[in-house]
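What follows is model-v2.cif (mmCIF, C-alpha atoms).
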```cif
data_upload
loop_
_atom_site.label_atom_id
_atom_site.label_comp_id
_atom_site.auth_asym_id
_atom_site.auth_seq_id
_atom_site.Cartn_x
_atom_site.Cartn_y
_atom_site.Cartn_z
CA MET S 1 113.90 86.02 88.82
CA GLY S 2 110.56 85.03 87.34
CA ASP S 3 107.20 86.75 87.53
CA PRO S 4 105.82 87.28 91.03
CA LYS S 5 103.41 84.63 92.28
CA VAL S 6 99.79 85.79 92.09
CA ILE S 7 97.20 84.50 94.55
CA SER S 8 93.47 85.13 94.25
CA ILE S 9 92.21 85.36 97.80
CA LYS S 10 88.68 84.51 98.75
CA GLN S 11 86.22 86.07 101.15
CA SER S 12 86.75 84.77 104.67
CA VAL S 13 84.36 82.27 106.16
CA PHE S 14 84.98 83.19 109.79
CA ALA S 15 82.28 84.87 111.86
CA SER S 16 84.67 86.66 114.19
CA ASN S 17 87.48 88.48 112.43
CA ASP S 18 88.84 89.79 115.73
CA ALA S 19 89.34 86.25 117.07
CA GLN S 20 91.01 85.13 113.83
CA ALA S 21 93.27 88.18 113.91
CA GLU S 22 94.35 87.48 117.50
CA LEU S 23 95.08 83.86 116.62
CA LEU S 24 97.18 84.83 113.60
CA ARG S 25 99.06 87.48 115.58
CA ARG S 26 99.88 84.93 118.28
CA GLU S 27 101.12 82.39 115.71
CA LEU S 28 103.29 85.00 114.03
CA LYS S 29 104.68 86.12 117.39
CA GLU S 30 105.67 82.53 118.19
CA LYS S 31 107.45 82.24 114.86
CA GLY S 32 109.16 85.61 115.37
CA ILE S 33 107.59 87.09 112.23
CA TYR S 34 106.64 90.78 112.44
CA LEU S 35 103.70 91.57 110.15
CA LEU S 36 103.23 95.23 109.23
CA ASN S 37 99.88 96.27 107.75
CA LEU S 38 100.57 99.24 105.46
CA MET S 39 97.55 101.27 104.41
CA SER S 40 96.89 104.49 102.49
CA SER S 41 94.86 106.20 99.78
CA PRO S 42 95.52 105.26 96.18
CA GLY S 43 98.63 107.02 94.91
CA SER S 44 100.16 108.05 98.23
CA GLY S 45 103.38 106.23 97.41
CA LYS S 46 103.10 102.91 99.29
CA THR S 47 105.19 100.95 96.83
CA THR S 48 107.92 103.59 96.46
CA THR S 49 108.14 104.01 100.23
CA LEU S 50 108.39 100.27 100.61
CA THR S 51 111.16 100.07 98.04
CA ARG S 52 113.14 102.66 100.04
CA LEU S 53 112.48 100.87 103.32
CA ILE S 54 113.61 97.56 101.86
CA ASP S 55 116.85 99.14 100.63
CA ALA S 56 117.47 100.48 104.13
CA LEU S 57 116.64 97.22 105.93
CA LYS S 58 117.42 94.28 103.68
CA ASP S 59 120.97 93.78 104.95
CA SER S 60 119.78 93.37 108.55
CA LEU S 61 116.32 91.78 108.13
CA LYS S 62 114.85 89.02 105.96
CA ILE S 63 111.85 90.70 104.36
CA GLY S 64 108.78 89.52 102.49
CA VAL S 65 106.03 91.58 100.87
CA MET S 66 102.40 90.79 100.03
CA GLU S 67 100.93 93.28 97.57
CA ALA S 68 97.17 93.36 97.74
CA ASP S 69 95.37 94.84 94.77
CA ILE S 70 92.01 94.54 93.13
CA ASP S 71 93.75 93.98 89.84
CA SER S 72 97.22 94.22 88.21
CA ASP S 73 100.58 92.97 89.42
CA VAL S 74 102.52 96.17 88.75
CA ASP S 75 103.46 96.62 92.41
CA ALA S 76 104.64 93.07 93.08
CA ARG S 77 106.96 93.32 90.06
CA THR S 78 108.44 96.56 91.42
CA ILE S 79 109.00 95.02 94.84
CA ALA S 80 110.37 91.73 93.45
CA ALA S 81 113.00 93.80 91.63
CA THR S 82 114.47 94.79 95.03
CA GLY S 83 115.37 91.15 95.58
CA VAL S 84 113.02 90.41 98.50
CA LYS S 85 110.32 87.76 98.47
CA ALA S 86 107.18 89.31 96.97
CA ILE S 87 103.79 87.97 96.03
CA GLN S 88 100.68 89.59 94.61
CA LEU S 89 97.28 89.09 96.22
CA HIS S 90 94.22 89.75 94.09
CA THR S 91 91.17 90.62 96.19
CA GLY S 92 88.63 90.08 93.42
CA GLY S 93 87.10 93.54 93.90
CA MET S 94 87.14 93.48 97.69
CA CYS S 95 88.05 96.77 99.31
CA HIS S 96 90.07 95.48 102.26
CA LEU S 97 91.83 92.46 103.73
CA ASP S 98 90.74 90.74 106.91
CA ALA S 99 92.67 88.21 109.01
CA GLY S 100 91.45 85.18 107.05
CA MET S 101 92.50 86.75 103.77
CA THR S 102 95.86 87.75 105.25
CA ARG S 103 96.37 84.15 106.34
CA GLN S 104 95.69 82.96 102.77
CA GLY S 105 98.35 85.40 101.58
CA LEU S 106 100.87 84.20 104.18
CA GLU S 107 100.32 80.60 103.11
CA GLY S 108 101.30 81.66 99.59
CA LEU S 109 104.30 83.68 100.76
CA GLU S 110 105.71 80.92 102.99
CA PRO S 111 107.25 83.36 105.48
CA GLU S 112 108.84 80.83 107.87
CA GLU S 113 112.39 82.17 107.51
CA LEU S 114 111.41 85.86 107.38
CA ASP S 115 111.77 88.55 110.09
CA LEU S 116 109.46 91.15 108.58
CA VAL S 117 106.45 90.74 106.32
CA VAL S 118 104.78 93.86 104.92
CA LEU S 119 101.19 93.62 103.78
CA GLU S 120 100.47 96.42 101.33
CA ASN S 121 96.72 96.69 101.82
CA VAL S 122 94.21 97.89 99.18
CA GLY S 123 94.47 101.66 98.56
CA ASN S 124 91.54 102.92 100.61
CA LEU S 125 91.27 105.04 103.79
CA VAL S 126 87.91 103.64 104.86
CA CYS S 127 87.38 99.89 104.80
CA PRO S 128 90.86 98.53 105.63
CA ALA S 129 90.72 100.45 108.93
CA GLU S 130 87.76 98.35 110.04
CA PHE S 131 89.45 94.96 109.79
CA ASP S 132 92.22 93.71 112.05
CA THR S 133 94.53 91.70 109.78
CA GLY S 134 96.48 90.09 112.61
CA ALA S 135 99.42 92.43 112.03
CA ALA S 136 101.84 93.38 114.81
CA ALA S 137 101.31 97.02 113.83
CA ASN S 138 99.26 99.20 111.51
CA CYS S 139 100.97 101.94 109.60
CA MET S 140 99.53 104.38 107.09
CA ILE S 141 100.89 106.81 104.55
CA LEU S 142 99.34 110.22 104.08
CA SER S 143 100.90 112.14 101.21
CA VAL S 144 101.30 115.91 101.18
CA PRO S 145 99.07 116.49 98.11
CA GLU S 146 96.14 114.84 99.92
CA GLY S 147 96.04 117.66 102.49
CA HIS S 148 96.56 117.98 106.23
CA ASP S 149 92.84 117.72 107.02
CA LYS S 150 92.52 113.99 106.34
CA PRO S 151 92.59 112.90 110.00
CA LEU S 152 89.39 114.95 110.41
CA LYS S 153 87.65 113.11 107.59
CA TYR S 154 88.89 109.53 108.02
CA PRO S 155 89.00 109.25 111.83
CA LEU S 156 89.14 105.46 112.22
CA MET S 157 92.13 105.04 109.89
CA PHE S 158 94.24 107.43 111.95
CA GLN S 159 92.93 105.99 115.20
CA VAL S 160 94.08 102.43 114.44
CA CYS S 161 97.56 103.34 113.17
CA ASN S 162 100.65 103.04 115.34
CA ALA S 163 102.62 105.12 112.87
CA VAL S 164 101.73 107.68 110.19
CA ILE S 165 104.21 108.30 107.39
CA ILE S 166 103.78 111.70 105.76
CA ASN S 167 105.15 111.16 102.28
CA LYS S 168 106.09 113.49 99.40
CA ILE S 169 107.55 116.21 101.62
CA ASP S 170 109.70 117.15 98.60
CA VAL S 171 106.61 118.86 97.11
CA LEU S 172 105.66 120.77 100.28
CA PRO S 173 106.44 124.13 98.59
CA TYR S 174 103.74 123.52 95.97
CA PHE S 175 100.87 122.59 98.29
CA ASP S 176 99.03 124.25 101.18
CA PHE S 177 99.97 121.58 103.69
CA ASP S 178 100.40 122.56 107.33
CA MET S 179 102.63 119.96 109.01
CA ASP S 180 101.93 121.20 112.55
CA LYS S 181 98.18 121.12 112.04
CA CYS S 182 98.46 117.67 110.50
CA ALA S 183 100.37 116.37 113.54
CA GLU S 184 97.78 117.98 115.83
CA TYR S 185 94.90 116.31 113.95
CA ILE S 186 96.68 112.92 113.92
CA HIS S 187 97.27 113.09 117.68
CA MET S 188 93.64 114.08 118.20
CA ARG S 189 92.75 110.66 116.75
CA ASN S 190 95.63 108.75 118.32
CA PRO S 191 97.84 110.53 120.87
CA LYS S 192 100.46 107.75 120.67
CA ALA S 193 100.88 107.68 116.89
CA LYS S 194 104.46 108.09 115.68
CA ILE S 195 104.81 110.51 112.77
CA PHE S 196 107.49 110.18 110.11
CA PRO S 197 107.73 112.91 107.46
CA ILE S 198 109.60 111.46 104.47
CA SER S 199 110.16 111.77 100.77
CA ALA S 200 110.25 108.34 99.19
CA LYS S 201 111.43 110.09 96.03
CA THR S 202 114.56 111.75 97.52
CA GLY S 203 115.01 109.38 100.47
CA GLU S 204 114.73 112.17 103.09
CA GLY S 205 113.49 110.90 106.44
CA VAL S 206 113.58 107.23 105.44
CA ALA S 207 116.47 106.41 107.79
CA ASP S 208 114.42 107.40 110.86
CA LEU S 209 111.49 105.34 109.68
CA ALA S 210 113.72 102.32 109.02
CA GLN S 211 115.33 102.73 112.45
CA TRP S 212 111.92 102.71 114.14
CA LEU S 213 110.77 99.63 112.23
CA LYS S 214 114.01 97.78 112.99
CA GLY S 215 113.43 98.47 116.69
CA GLU S 216 109.86 97.24 116.44
CA VAL S 217 110.91 93.99 114.79
CA ALA S 218 113.65 93.44 117.42
CA GLY S 219 111.11 94.03 120.23
CA TRP S 220 108.65 91.60 118.66
CA LYS S 221 111.20 88.83 118.60
CA GLN S 222 111.90 89.05 122.35
CA MET G 1 73.98 132.12 106.22
CA GLY G 2 73.91 129.62 109.11
CA ASP G 3 75.73 126.35 109.51
CA PRO G 4 75.06 123.75 106.82
CA LYS G 5 72.38 121.21 107.61
CA VAL G 6 73.82 117.85 108.66
CA ILE G 7 71.95 114.63 107.96
CA SER G 8 72.97 111.25 109.34
CA ILE G 9 71.98 108.75 106.68
CA LYS G 10 71.15 105.16 107.46
CA GLN G 11 71.94 101.91 105.74
CA SER G 12 69.40 101.20 103.01
CA VAL G 13 66.73 98.59 103.54
CA PHE G 14 66.19 97.75 99.88
CA ALA G 15 67.23 94.42 98.46
CA SER G 16 67.83 95.65 94.94
CA ASN G 17 69.93 98.78 94.76
CA ASP G 18 69.80 98.75 90.96
CA ALA G 19 65.99 98.93 90.94
CA GLN G 20 66.01 101.74 93.51
CA ALA G 21 68.60 103.62 91.48
CA GLU G 22 66.55 103.34 88.29
CA LEU G 23 63.45 104.56 90.11
CA LEU G 24 65.28 107.55 91.59
CA ARG G 25 66.85 108.43 88.21
CA ARG G 26 63.39 108.35 86.56
CA GLU G 27 61.89 110.60 89.24
CA LEU G 28 64.75 113.09 88.94
CA LYS G 29 64.44 113.07 85.14
CA GLU G 30 60.72 113.90 85.42
CA LYS G 31 61.54 116.79 87.75
CA GLY G 32 64.33 118.01 85.44
CA ILE G 33 66.99 117.60 88.14
CA TYR G 34 70.41 116.42 86.94
CA LEU G 35 72.23 114.48 89.66
CA LEU G 36 76.01 114.17 89.26
CA ASN G 37 77.80 111.55 91.35
CA LEU G 38 81.33 112.87 91.96
CA MET G 39 83.86 110.32 93.19
CA SER G 40 87.60 110.24 93.89
CA SER G 41 90.35 109.26 96.31
CA PRO G 42 90.73 111.25 99.50
CA GLY G 43 92.54 114.50 98.79
CA SER G 44 92.18 114.64 95.00
CA GLY G 45 90.51 118.04 95.22
CA LYS G 46 86.78 117.27 94.94
CA THR G 47 85.66 120.24 97.02
CA THR G 48 88.01 122.75 95.37
CA THR G 49 87.00 121.53 91.91
CA LEU G 50 83.37 121.84 92.88
CA THR G 51 83.89 125.38 94.15
CA ARG G 52 85.40 126.31 90.77
CA LEU G 53 82.59 124.59 88.86
CA ILE G 54 79.95 126.38 90.94
CA ASP G 55 81.60 129.75 90.21
CA ALA G 56 81.50 128.96 86.49
CA LEU G 57 77.90 127.72 86.48
CA LYS G 58 75.92 129.45 89.21
CA ASP G 59 74.70 132.30 87.02
CA SER G 60 73.10 129.92 84.55
CA LEU G 61 72.07 126.94 86.73
CA LYS G 62 70.45 126.55 90.14
CA ILE G 63 72.84 124.23 91.97
CA GLY G 64 72.69 122.14 95.13
CA VAL G 65 75.43 120.06 96.74
CA MET G 66 75.33 117.04 99.06
CA GLU G 67 78.66 116.46 100.78
CA ALA G 68 79.00 112.88 101.96
CA ASP G 69 81.61 112.24 104.60
CA ILE G 70 82.22 109.75 107.33
CA ASP G 71 82.72 112.61 109.74
CA SER G 72 83.26 116.41 109.80
CA ASP G 73 81.35 119.15 107.98
CA VAL G 74 84.40 121.02 106.67
CA ASP G 75 83.40 120.50 103.04
CA ALA G 76 79.76 121.57 103.36
CA ARG G 77 80.90 124.81 104.99
CA THR G 78 83.28 125.49 102.10
CA ILE G 79 80.57 124.83 99.54
CA ALA G 80 77.91 126.82 101.45
CA ALA G 81 80.26 129.81 101.29
CA THR G 82 79.81 129.86 97.48
CA GLY G 83 76.16 130.71 98.02
CA VAL G 84 74.61 127.49 96.66
CA LYS G 85 72.39 125.16 98.65
CA ALA G 86 74.66 122.70 100.51
CA ILE G 87 74.06 119.97 103.05
CA GLN G 88 76.34 117.52 104.78
CA LEU G 89 75.59 113.80 104.82
CA HIS G 90 77.24 111.71 107.51
CA THR G 91 77.53 108.08 106.51
CA GLY G 92 78.27 106.75 109.98
CA GLY G 93 81.43 104.96 108.84
CA MET G 94 79.97 103.59 105.61
CA CYS G 95 82.36 103.65 102.69
CA HIS G 96 79.93 104.52 99.89
CA LEU G 97 76.42 105.79 99.12
CA ASP G 98 73.77 103.72 97.42
CA ALA G 99 70.48 104.86 95.87
CA GLY G 100 68.49 104.63 99.11
CA MET G 101 71.06 106.72 100.97
CA THR G 102 71.16 109.24 98.12
CA ARG G 103 67.38 109.52 98.33
CA GLN G 104 67.64 110.28 102.07
CA GLY G 105 70.10 113.03 101.24
CA LEU G 106 67.84 114.48 98.53
CA GLU G 107 64.93 114.58 100.97
CA GLY G 108 67.10 116.71 103.23
CA LEU G 109 68.29 118.96 100.40
CA GLU G 110 64.79 119.61 98.99
CA PRO G 111 66.03 119.98 95.42
CA GLU G 112 62.66 120.74 93.71
CA GLU G 113 63.73 124.08 92.25
CA LEU G 114 67.29 123.00 91.36
CA ASP G 115 68.76 122.19 87.92
CA LEU G 116 71.92 120.44 89.07
CA VAL G 117 72.63 118.50 92.24
CA VAL G 118 76.16 117.28 92.89
CA LEU G 119 76.68 114.38 95.25
CA GLU G 120 80.23 114.45 96.59
CA ASN G 121 80.63 110.77 97.41
CA VAL G 122 82.93 109.35 100.13
CA GLY G 123 86.63 109.61 99.16
CA ASN G 124 87.30 106.06 98.00
CA LEU G 125 88.13 104.51 94.62
CA VAL G 126 86.73 101.09 95.44
CA CYS G 127 83.31 100.82 97.08
CA PRO G 128 81.45 103.84 95.60
CA ALA G 129 82.04 102.38 92.12
CA GLU G 130 79.96 99.34 93.01
CA PHE G 131 76.74 101.20 93.88
CA ASP G 132 74.51 103.00 91.40
CA THR G 133 73.30 106.12 93.25
CA GLY G 134 70.58 106.97 90.72
CA ALA G 135 72.71 109.78 89.29
CA ALA G 136 72.38 110.94 85.68
CA ALA G 137 76.15 110.60 85.36
CA ASN G 138 79.20 109.42 87.27
CA CYS G 139 82.29 111.56 87.26
CA MET G 140 85.59 111.01 89.02
CA ILE G 141 88.65 113.04 89.80
CA LEU G 142 92.13 111.60 89.49
CA SER G 143 94.81 113.99 90.68
CA VAL G 144 98.30 114.15 89.16
CA PRO G 145 100.14 113.18 92.39
CA GLU G 146 98.21 109.89 92.51
CA GLY G 147 99.89 108.69 89.31
CA HIS G 148 98.78 107.76 85.80
CA ASP G 149 98.57 104.04 86.58
CA LYS G 150 95.39 104.21 88.67
CA PRO G 151 93.03 102.97 85.91
CA LEU G 152 95.06 99.74 85.97
CA LYS G 153 94.52 99.28 89.69
CA TYR G 154 90.93 100.47 90.20
CA PRO G 155 89.28 99.19 87.01
CA LEU G 156 85.62 99.41 88.03
CA MET G 157 85.79 103.07 89.09
CA PHE G 158 87.10 104.11 85.66
CA GLN G 159 84.69 101.78 83.89
CA VAL G 160 81.56 103.35 85.44
CA CYS G 161 82.58 106.98 84.94
CA ASN G 162 81.24 109.08 82.06
CA ALA G 163 83.91 111.69 82.69
CA VAL G 164 87.34 111.70 84.34
CA ILE G 165 88.71 115.00 85.61
CA ILE G 166 92.50 115.01 85.89
CA ASN G 167 93.15 117.59 88.59
CA LYS G 168 96.29 119.38 89.84
CA ILE G 169 97.87 119.77 86.39
CA ASP G 170 99.68 122.81 87.84
CA VAL G 171 102.04 120.40 89.62
CA LEU G 172 102.74 118.23 86.53
CA PRO G 173 106.41 119.38 86.46
CA TYR G 174 107.02 117.88 89.91
CA PHE G 175 105.58 114.42 89.30
CA ASP G 176 106.21 111.55 86.89
CA PHE G 177 102.74 111.65 85.41
CA ASP G 178 102.27 110.63 81.77
CA MET G 179 99.07 112.26 80.50
CA ASP G 180 98.98 110.23 77.25
CA LYS G 181 99.42 106.94 79.09
CA CYS G 182 96.75 107.97 81.58
CA ALA G 183 94.26 108.70 78.77
CA GLU G 184 95.15 105.36 77.16
CA TYR G 185 94.54 103.46 80.43
CA ILE G 186 91.26 105.32 81.07
CA HIS G 187 89.98 104.49 77.57
CA MET G 188 91.02 100.87 78.07
CA ARG G 189 88.46 100.77 80.93
CA ASN G 190 85.87 102.98 79.23
CA PRO G 191 86.38 103.98 75.59
CA LYS G 192 83.67 106.66 75.82
CA ALA G 193 84.95 108.45 78.93
CA LYS G 194 85.47 112.19 78.51
CA ILE G 195 88.75 113.44 79.97
CA PHE G 196 89.18 116.95 81.40
CA PRO G 197 92.67 117.97 82.55
CA ILE G 198 92.24 120.88 84.98
CA SER G 199 93.84 122.75 87.83
CA ALA G 200 91.22 123.61 90.42
CA LYS G 201 93.91 125.76 92.03
CA THR G 202 94.61 128.02 89.03
CA GLY G 203 91.31 127.50 87.21
CA GLU G 204 92.96 126.12 84.05
CA GLY G 205 90.65 123.81 82.10
CA VAL G 206 87.61 124.46 84.29
CA ALA G 207 85.74 126.34 81.53
CA ASP G 208 85.72 123.25 79.27
CA LEU G 209 84.48 121.08 82.12
CA ALA G 210 81.75 123.58 82.99
CA GLN G 211 80.71 123.79 79.34
CA TRP G 212 80.38 120.01 79.14
CA LEU G 213 78.34 119.81 82.33
CA LYS G 214 76.06 122.64 81.18
CA GLY G 215 75.38 120.71 77.98
CA GLU G 216 74.66 117.55 79.94
CA VAL G 217 72.16 119.33 82.19
CA ALA G 218 70.45 120.94 79.16
CA GLY G 219 70.18 117.54 77.45
CA TRP G 220 68.71 115.95 80.59
CA LYS G 221 65.94 118.53 80.76
CA GLN G 222 64.72 117.80 77.24
#
```

Rendering of file as structure tokens:
Amino acid sequence: MGDPKVISIKQSVFASNDAQAELLRRELKEKGIYLLNLMSSPGSGKTTTLTRLIDALKDSLKIGVMEADIDSDVDARTIAATGVKAIQLHTGGMCHLDAGMTRQGLEGLEPEELDLVVLENVGNLVCPAEFDTGAAANCMILSVPEGHDKPLKYPLMFQVCNAVIINKIDVLPYFDFDMDKCAEYIHMRNPKAKIFPISAKTGEGVADLAQWLKGEVAGWKQ
Amino acid sequence: MGDPKVISIKQSVFASNDAQAELLRRELKEKGIYLLNLMSSPGSGKTTTLTRLIDALKDSLKIGVMEADIDSDVDARTIAATGVKAIQLHTGGMCHLDAGMTRQGLEGLEPEELDLVVLENVGNLVCPAEFDTGAAANCMILSVPEGHDKPLKYPLMFQVCNAVIINKIDVLPYFDFDMDKCAEYIHMRNPKAKIFPISAKTGEGVADLAQWLKGEVAGWKQ
């Protein structure tokens, strides 16, 4: 296995991101490709969580990953080591991906034979929430050390997410994190959001998350 | 003590943020007000660190705080409880502050008699790094759970910071965080950056940080 492919994506030229996102979503639906937009703060454990999810799903689904980062290809190397198709997207300083940029990434990934493509968005709780990427679903990771009050401070991010993964539950004893309050705040922003407490480090809770995602992908293909 | 004042700041109308930032910095220098721009990811402990710093400095410096957030006034309440002048800035969804927005905040704070004003920027490692606020210095907090590789992934943020606070060192035993590697990566981005490992929870390391900041403020007033 060689080095992961690196693609420098350019600012989109489209006036309406929402229209581009709808178009991309429709095309992906026709091809039976489920695109998951995974967002979080820097350091919440996106890549480790993804590695665990891939291990749980790779026997039943054909998976591809697009790692978006301002710089570095550390994450794409980690993901490529799991054996799935992985490419690195460099955003050239941009703080989010929109649908046009996601399309550029997909052209590089060549996802035609894949069931599930995960877009690991730029680590940022603000800007990525504002741009529909064309994904079938948005998912975010909030990690225990960040605190249970984040849905109060970053309302849009929690509002647009179909699922919230609460990662690093293995360190719950060392932080003042109130899981019930966190769930209450998340549902204040989005009453329908699924919540998955996990530890990507120990693997706890990952099976439930994988089960949910498998169901989502199956539903998308119908 | 009543509720903290809340100011909704508007997008700046100035074409050149750099010129506005230089102007603001010059005005603050003439008034002997040291403005510190404090940045970090969501949940790295900005407010707790600030509470500790205020406790260490409030007998020798007159301090004011501007808490920038997309929503909520949780942080301004926490800071106001320390007895210093605190206001909340609502950015209306914007992911950073620029010099014009910082000026709007300062007009609300009325800092004339203050020695030190801390601007707690929006929790985000990307966008705030791109905008000079007019501050005397930029400082960021990286917390241990986020990982030591962050200077590789968010180069500009580390490049523009005069000081990097490494917070949550009390949980070092529970995370794979390499302090030496972190310092090496930080200095790769900015060889002159000061590094302060602290625990805002236990207070460890805060005295050194306070001492440094006191020296900076004294130097600014000369």

As an exercise, work out the distance from CA of Ser8 in chain S to CA of Ile165 in chain S in Å and give it to one decimal place.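 Distance between the two atoms: 28.7 Å.
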
Selected by the PyMOL selection byres ((chain G) within 10 of (chain S)) in the shown coordinates: which residues, as a PDB file with C-alpha atoms, in the coordinates of the input?
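Saved result, selection_22.pdb, follows:
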```
ATOM      1  CA  SER G  40      87.600 110.240  93.890  1.00  0.00           C
ATOM      2  CA  SER G  41      90.350 109.260  96.310  1.00  0.00           C
ATOM      3  CA  PRO G  42      90.730 111.250  99.500  1.00  0.00           C
ATOM      4  CA  GLY G  43      92.540 114.500  98.790  1.00  0.00           C
ATOM      5  CA  SER G  44      92.180 114.640  95.000  1.00  0.00           C
ATOM      6  CA  GLY G  45      90.510 118.040  95.220  1.00  0.00           C
ATOM      7  CA  ASP G  69      81.610 112.240 104.600  1.00  0.00           C
ATOM      8  CA  ILE G  70      82.220 109.750 107.330  1.00  0.00           C
ATOM      9  CA  ASP G  71      82.720 112.610 109.740  1.00  0.00           C
ATOM     10  CA  SER G  72      83.260 116.410 109.800  1.00  0.00           C
ATOM     11  CA  ASP G  73      81.350 119.150 107.980  1.00  0.00           C
ATOM     12  CA  VAL G  74      84.400 121.020 106.670  1.00  0.00           C
ATOM     13  CA  ASP G  75      83.400 120.500 103.040  1.00  0.00           C
ATOM     14  CA  GLY G  93      81.430 104.960 108.840  1.00  0.00           C
ATOM     15  CA  MET G  94      79.970 103.590 105.610  1.00  0.00           C
ATOM     16  CA  CYS G  95      82.360 103.650 102.690  1.00  0.00           C
ATOM     17  CA  HIS G  96      79.930 104.520  99.890  1.00  0.00           C
ATOM     18  CA  VAL G 122      82.930 109.350 100.130  1.00  0.00           C
ATOM     19  CA  GLY G 123      86.630 109.610  99.160  1.00  0.00           C
ATOM     20  CA  ASN G 124      87.300 106.060  98.000  1.00  0.00           C
ATOM     21  CA  LEU G 125      88.130 104.510  94.620  1.00  0.00           C
ATOM     22  CA  VAL G 126      86.730 101.090  95.440  1.00  0.00           C
ATOM     23  CA  CYS G 127      83.310 100.820  97.080  1.00  0.00           C
ATOM     24  CA  GLU G 130      79.960  99.340  93.010  1.00  0.00           C
ATOM     25  CA  LEU G 142      92.130 111.600  89.490  1.00  0.00           C
ATOM     26  CA  SER G 143      94.810 113.990  90.680  1.00  0.00           C
ATOM     27  CA  VAL G 144      98.300 114.150  89.160  1.00  0.00           C
ATOM     28  CA  PRO G 145     100.140 113.180  92.390  1.00  0.00           C
ATOM     29  CA  GLU G 146      98.210 109.890  92.510  1.00  0.00           C
ATOM     30  CA  GLY G 147      99.890 108.690  89.310  1.00  0.00           C
ATOM     31  CA  HIS G 148      98.780 107.760  85.800  1.00  0.00           C
ATOM     32  CA  ASP G 149      98.570 104.040  86.580  1.00  0.00           C
ATOM     33  CA  LYS G 150      95.390 104.210  88.670  1.00  0.00           C
ATOM     34  CA  PRO G 151      93.030 102.970  85.910  1.00  0.00           C
ATOM     35  CA  LEU G 152      95.060  99.740  85.970  1.00  0.00           C
ATOM     36  CA  LYS G 153      94.520  99.280  89.690  1.00  0.00           C
ATOM     37  CA  TYR G 154      90.930 100.470  90.200  1.00  0.00           C
ATOM     38  CA  PRO G 155      89.280  99.190  87.010  1.00  0.00           C
ATOM     39  CA  LEU G 156      85.620  99.410  88.030  1.00  0.00           C
ATOM     40  CA  LYS G 168      96.290 119.380  89.840  1.00  0.00           C
ATOM     41  CA  ASP G 170      99.680 122.810  87.840  1.00  0.00           C
ATOM     42  CA  VAL G 171     102.040 120.400  89.620  1.00  0.00           C
ATOM     43  CA  TYR G 174     107.020 117.880  89.910  1.00  0.00           C
ATOM     44  CA  PHE G 175     105.580 114.420  89.300  1.00  0.00           C
ATOM     45  CA  LYS G 201      93.910 125.760  92.030  1.00  0.00           C
TER      46      LYS G 201
END
```

Pick the closest to Asp59 in chain G from G:Ser199, G:Asn190, G:Gln88, G:Thr82: which is it, counting all atoms listed in the file?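 Comparing G:Ser199, G:Asn190, G:Gln88, G:Thr82 against Asp59 in chain G, the winner is G:Thr82.
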
Residues in the PyMOL selection byres ((chain G and resi 197) around 8), expressed as a PyMOL selection string: chain G and resi 165-167+169+195-196+198-199+205

Output C-alpha atoms for every residue in that selection, as a tab-separated table (two decimals), in the frame of the given file.
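Saved the output as part15.tsv:
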```
chain	number	residue	atom	x	y	z
G	165	ILE	CA	88.71	115.00	85.61
G	166	ILE	CA	92.50	115.01	85.89
G	167	ASN	CA	93.15	117.59	88.59
G	169	ILE	CA	97.87	119.77	86.39
G	195	ILE	CA	88.75	113.44	79.97
G	196	PHE	CA	89.18	116.95	81.40
G	198	ILE	CA	92.24	120.88	84.98
G	199	SER	CA	93.84	122.75	87.83
G	205	GLY	CA	90.65	123.81	82.10
```

Which polymer residues have any atom within 8 Å of an atom of Thr47 in chain G, counting only C-alpha atoms, with same-chain residues fewer than 5 positions away left out, as a ChimeraX atom specification? /G:75,78-79,120

When you look at range 207-209 of chain S with a cut-off of 8 Å (counting all atoms listed in the file), what residues show up, excluding the ones that are within fewer than 4 positions of it in the same chain? I need them as a list of chain:residue names.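 Close residues of range 207-209 of chain S: S:Leu53, S:Ala56, S:Phe196, S:Leu213.
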
Lys62 in chain G surroundings by only C-alpha atoms, 10 Å radius, close-in-sequence under 3 positions cut, as a PyMOL selection string: chain G and resi 33+54+57-59+84-85+111+113-117

Would you place a box with edges along x, y and z of the file around all atoms of range 183-199 of chain G listed there, add 5 Å to each of its six sides, and report the centre and edge lengths in Å to one decimal, as JSON?
```
{"center_x": 89.4, "center_y": 111.8, "center_z": 81.7, "size_x": 21.5, "size_y": 32.0, "size_z": 22.2}
```

Starting from the point (113.8, 95.8, 116.4), work out which residues of protein, DNA or RNA have an atom no more than 12 Å away when counting all atoms listed in the file; state them as a PyMOL selection string. chain S and resi 32-34+57+60-61+115-116+209-222

From G:Met66, G:Val206, G:Leu24, G:Ile7, residue lying nearest Ala86 in chain G [all atoms listed in the file]: G:Met66

List the residues matched by the PyMOL selection byres ((chain G and resi 22) around 9) in the displayed structure as a list in words, ordered by chain and then by residue number. Asn17, Asp18, Ala19, Gln20, Ala21, Leu23, Leu24, Arg25, Arg26, Glu27, Ala99, Asp132, Thr133, Gly134 and Ala135 of chain G

Interatomic distance (Å, one decimal) between CA of Ala136 in chain G and CA of Arg52 in chain G: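 So the two atoms, CA of Ala136 in chain G and CA of Arg52 in chain G, lie 20.8 Å apart.
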
So how far away is CA of Gly105 in chain G from CA of Lys192 in chain G, in Å? 29.5 Å
